[in-house]
Amino acid sequence: MPPSDHLHRTVPAARPRVSVVIPVRNEARNLEHVLGQVPADVWEVLVVDGHSHDETVAVARAWPGPVRVLTQRGSGKGDALDCGFRAARGEVIVMLDGDGSMDPGEIPRFVAALLQGAEAAKGSRFVPGGGSSDITSIRRAGNRLFCALANLLYGTRYTDLCYGYLAFRAQALAELDVQCEGFEVEALISVQIAKHGLRWTEVPSFEEPRRHGHSNLRPFRDGLRILGILLRERLPGPARHRLGRVPPQPGARFRVPPRPRRPRPRPGTR
Ligand SMILES: Nc1nc2c(ncn2[C@@H]2O[C@H](COP(=O)(O)OP(=O)(O)OP(=O)(O)O)[C@@H](O)[C@H]2O)c(=O)[nH]1
Ligand SMILES: [Mg+2]
C-alpha cells in the first residue's frame, strides 16, 4: 500500500475499523492472554515479531481471530511499531504491549476519545482512573523528569511520557515521523504529536506487571536515548540531521508529506 493511502482514510462517525499493533519479542507465554482480551469488534491485529527465540510466532499464527503476523526487518520496539504502522489498514490504529501489562479491554476508551475529536489518544497512568501496579520508584522518577522536560520544551501538558498504550487516527499518524529503534519510541511519538499540532488527549490506563518473562528495557541505555530524542527533536531540521537523523525519503518510509499546517496548533484538547 502506498503510504499516501492513509490520507484517504477518515474516521467514520461510528464503528471505525480498528487495527491493533502489538510489538512482541519472546512473549509466547503472554501473547495468548493478550489476544484473548482483544474486543471482538477489532478489525485486525498486527503482531510484529522481533525475531523471537520462543514460540511467539506459532502462538500468533494459531490464533483464530483476524491476526496478521509480521517480522520486523531491524531490531527494537520502535522499529517494530514502524513496521506495524505501515502495514495497518484501519482508520484507527492502536498500539499496545504484548506482555500482558496493558488491558486490550481499554481499547474502546481510546477509540471513543478519537471519535470525540482527538487525533491522538495517549494512555496515562497518572490521571484519575489510571494507575500502575508495576512501575518502580526509579522508573516513576525518570518518567516524571522526562515528562516535565518534554512539557517544557514542547509546550505540552502530558502527564505520562514513557507509556506505550496509544491510539491514533490513521490519517494523523501518517503525518508523524516515528522512525527510531527502541524504547525511545513513545517519547518520539509524543514529541511528534506536539510538533505537528495534532489534537491530543489523555485516556486513563492501568498498567499491570508483565505476566511472564523478563523486561527488554535497559533503563540506563534507554533513558539516555529518551533524553537524546527530547533534545534532538527540538533542534531545527538541518542540525537534527547532522546529529544522525536520516531525512525521510519520500515514499520510502511510513512518513508521508504533512498536510498544510493549521494557523495555530493546539497543544491539547483537555
Ligand atoms: N518486535 C519487537 N518487540 C519488542 C522488542 N523489544 C521489546 N518488544 C516488545 O515491546 C513490548 C514492551 O517491552 P517490555 O520488555 O515489556 O518493556 P517494559 O514494559 O518497559 O518492561 P517490563 O516493565 O518488564 O514489562 C513487549 O510486548 C515486548 O515484547 C523488539 O526488539 N522487537
Ligand atoms: Mg512491559
# chains A, B, ... in the order shown; residues from 1 in each chain; ligands from 1

call {"tool": "closest_atom_pairs", "arguments": {"of": "stretch 205-233 of chain A", "to": "stretch 97-108 of chain A", "cutoff": "7 Å", "atoms": "only C-alpha atoms", "output": "Markdown table"}}
result
| residue | atom | partner | partner_atom | distance |
| --- | --- | --- | --- | --- |
| A:Phe206 | CA | A:Met102 | CA | 6.9 |
| A:Glu207 | CA | A:Ser101 | CA | 5.4 |
| A:Glu208 | CA | A:Ser101 | CA | 4.5 |
| A:Pro209 | CA | A:Ser101 | CA | 5.3 |
| A:Arg210 | CA | A:Ser101 | CA | 4.8 |
| A:Arg211 | CA | A:Gly100 | CA | 5.6 |

call {"tool": "select_by_dssp", "arguments": {"residues": "stretch 91-270 of chain A", "states": "alpha helix (DSSP H)", "output": "short mmCIF file (atom, residue, chain, number, x, y, z; two decimals) with C-alpha atoms, in the first residue's frame"}}
result
data_model
loop_
_atom_site.label_atom_id
_atom_site.label_comp_id
_atom_site.auth_asym_id
_atom_site.auth_seq_id
_atom_site.Cartn_x
_atom_site.Cartn_y
_atom_site.Cartn_z
CA ILE A 107 -9.35 -0.11 23.57
CA PRO A 108 -12.94 1.23 23.37
CA ARG A 109 -11.93 4.12 25.67
CA PHE A 110 -9.20 5.13 23.25
CA VAL A 111 -11.47 4.82 20.23
CA ALA A 112 -14.15 6.89 21.99
CA ALA A 113 -11.60 9.66 22.60
CA LEU A 114 -10.80 9.73 18.86
CA LEU A 115 -14.46 9.75 17.93
CA SER A 137 10.15 4.28 42.04
CA ILE A 138 13.19 4.77 39.77
CA ARG A 139 11.13 4.43 36.60
CA ARG A 140 8.44 6.70 38.03
CA ALA A 141 11.03 9.37 38.82
CA GLY A 142 12.66 9.06 35.40
CA ASN A 143 9.30 9.24 33.63
CA ARG A 144 8.30 12.29 35.66
CA LEU A 145 11.58 14.03 34.85
CA PHE A 146 11.37 13.29 31.12
CA CYS A 147 7.70 14.25 31.05
CA ALA A 148 8.46 17.60 32.69
CA LEU A 149 11.29 18.20 30.21
CA ALA A 150 9.04 17.35 27.25
CA ASN A 151 6.34 19.69 28.55
CA LEU A 152 8.91 22.45 28.97
CA LEU A 153 10.48 22.00 25.53
CA TYR A 154 7.32 21.36 23.53
CA ALA A 170 -4.54 6.64 10.81
CA GLN A 171 -4.55 9.87 8.82
CA ALA A 172 -2.91 11.77 11.68
CA LEU A 173 -0.37 9.06 12.45
CA VAL A 185 9.64 5.46 20.56
CA GLU A 186 6.93 6.65 22.98
CA ALA A 187 8.85 9.86 23.68
CA LEU A 188 9.40 10.41 19.95
CA ILE A 189 5.71 9.88 19.16
CA SER A 190 4.70 12.29 21.96
CA VAL A 191 7.10 14.95 20.69
CA GLN A 192 5.93 14.48 17.12
CA ILE A 193 2.30 14.83 18.20
CA ALA A 194 3.18 18.22 19.67
CA LYS A 195 5.35 19.32 16.75
CA PRO A 219 16.95 1.68 31.98
CA PHE A 220 20.27 3.49 31.62
CA ARG A 221 20.72 2.99 27.88
CA ASP A 222 17.07 3.66 27.12
CA GLY A 223 16.93 6.66 29.45
CA LEU A 224 19.80 8.23 27.54
CA ARG A 225 18.03 7.56 24.25
CA ILE A 226 14.85 9.24 25.52
CA LEU A 227 16.85 12.26 26.67
CA GLY A 228 18.57 12.35 23.26
CA ILE A 229 15.21 12.35 21.47
CA LEU A 230 13.81 15.15 23.61
CA LEU A 231 16.82 17.38 22.95
CA ARG A 232 17.45 16.46 19.32
CA GLY A 237 15.89 20.18 10.76
CA PRO A 238 19.42 20.51 9.35
CA ALA A 239 21.08 20.41 12.79
CA ARG A 240 18.99 17.37 13.67
CA HIS A 241 20.16 15.59 10.56
CA ARG A 242 23.79 16.36 11.39
#

call {"tool": "atom_distance", "arguments": {"atom1": "atom CA of A:Val38", "atom2": "atom CA of A:Asn216"}}
result
23.1 Å

call {"tool": "residues_near_ligand", "arguments": {"ligand": "ligand 1", "cutoff": "7 Å", "atoms": "only C-alpha atoms and all ligand atoms", "output": "list of chain:residue names"}}
result
A:Ile22, A:Pro23, A:Val24, A:Arg25, A:Asn26, A:Glu27, A:Val48, A:Asp49, A:Gly50, A:Gln72, A:Ser75, A:Gly76, A:Lys77, A:Ala80, A:Asp97, A:Gly98, A:Asp99, A:Ser101, A:Asp134, A:Gly182, A:Pro209, A:Arg210, A:His214, A:Ser215, A:Asn216, A:Leu217

call {"tool": "write_last_selection", "arguments": {"atoms": "C-alpha atoms", "output": "CSV table (one decimal), in the first residue's frame"}}
result
chain,number,residue,atom,x,y,z
A,22,ILE,CA,1.4,-5.4,19.1
A,23,PRO,CA,5.2,-5.5,19.1
A,24,VAL,CA,6.5,-8.8,20.6
A,25,ARG,CA,9.8,-10.3,21.4
A,26,ASN,CA,9.7,-13.6,23.2
A,27,GLU,CA,6.2,-13.2,24.5
A,48,VAL,CA,5.1,-7.6,14.9
A,49,ASP,CA,7.7,-10.2,15.9
A,50,GLY,CA,11.3,-9.1,16.8
A,72,GLN,CA,10.4,-6.7,11.6
A,75,SER,CA,15.6,-4.6,15.8
A,76,GLY,CA,14.0,-2.8,18.7
A,77,LYS,CA,10.4,-1.8,19.7
A,80,ALA,CA,8.7,-3.0,15.2
A,97,ASP,CA,2.4,-4.2,24.5
A,98,GLY,CA,2.2,-7.9,24.2
A,99,ASP,CA,3.5,-8.8,27.7
A,101,SER,CA,0.7,-5.4,31.2
A,134,ASP,CA,4.2,-2.4,38.1
A,182,GLY,CA,14.0,1.2,20.6
A,209,PRO,CA,3.3,-6.2,35.8
A,210,ARG,CA,4.2,-8.3,32.8
A,214,HIS,CA,11.8,-10.5,31.5
A,215,SER,CA,11.8,-6.9,30.5
A,216,ASN,CA,13.6,-5.9,27.3
A,217,LEU,CA,14.2,-2.4,28.7

call {"tool": "residues_around", "arguments": {"residues": "stretch 52-61 of chain A", "least_positions_apart": "4", "cutoff": "10 Å", "atoms": "only C-alpha atoms", "output": "number ranges by chain"}}
result
A: 24-32, 35, 45-48, 65-71

call {"tool": "atom_distance", "arguments": {"atom1": "atom CA of A:Trp200", "atom2": "atom CA of A:Ala40"}}
result
26.0 Å

call {"tool": "atom_distance", "arguments": {"atom1": "atom CA of A:Arg169", "atom2": "atom CA of A:Ala120"}}
result
6.6 Å
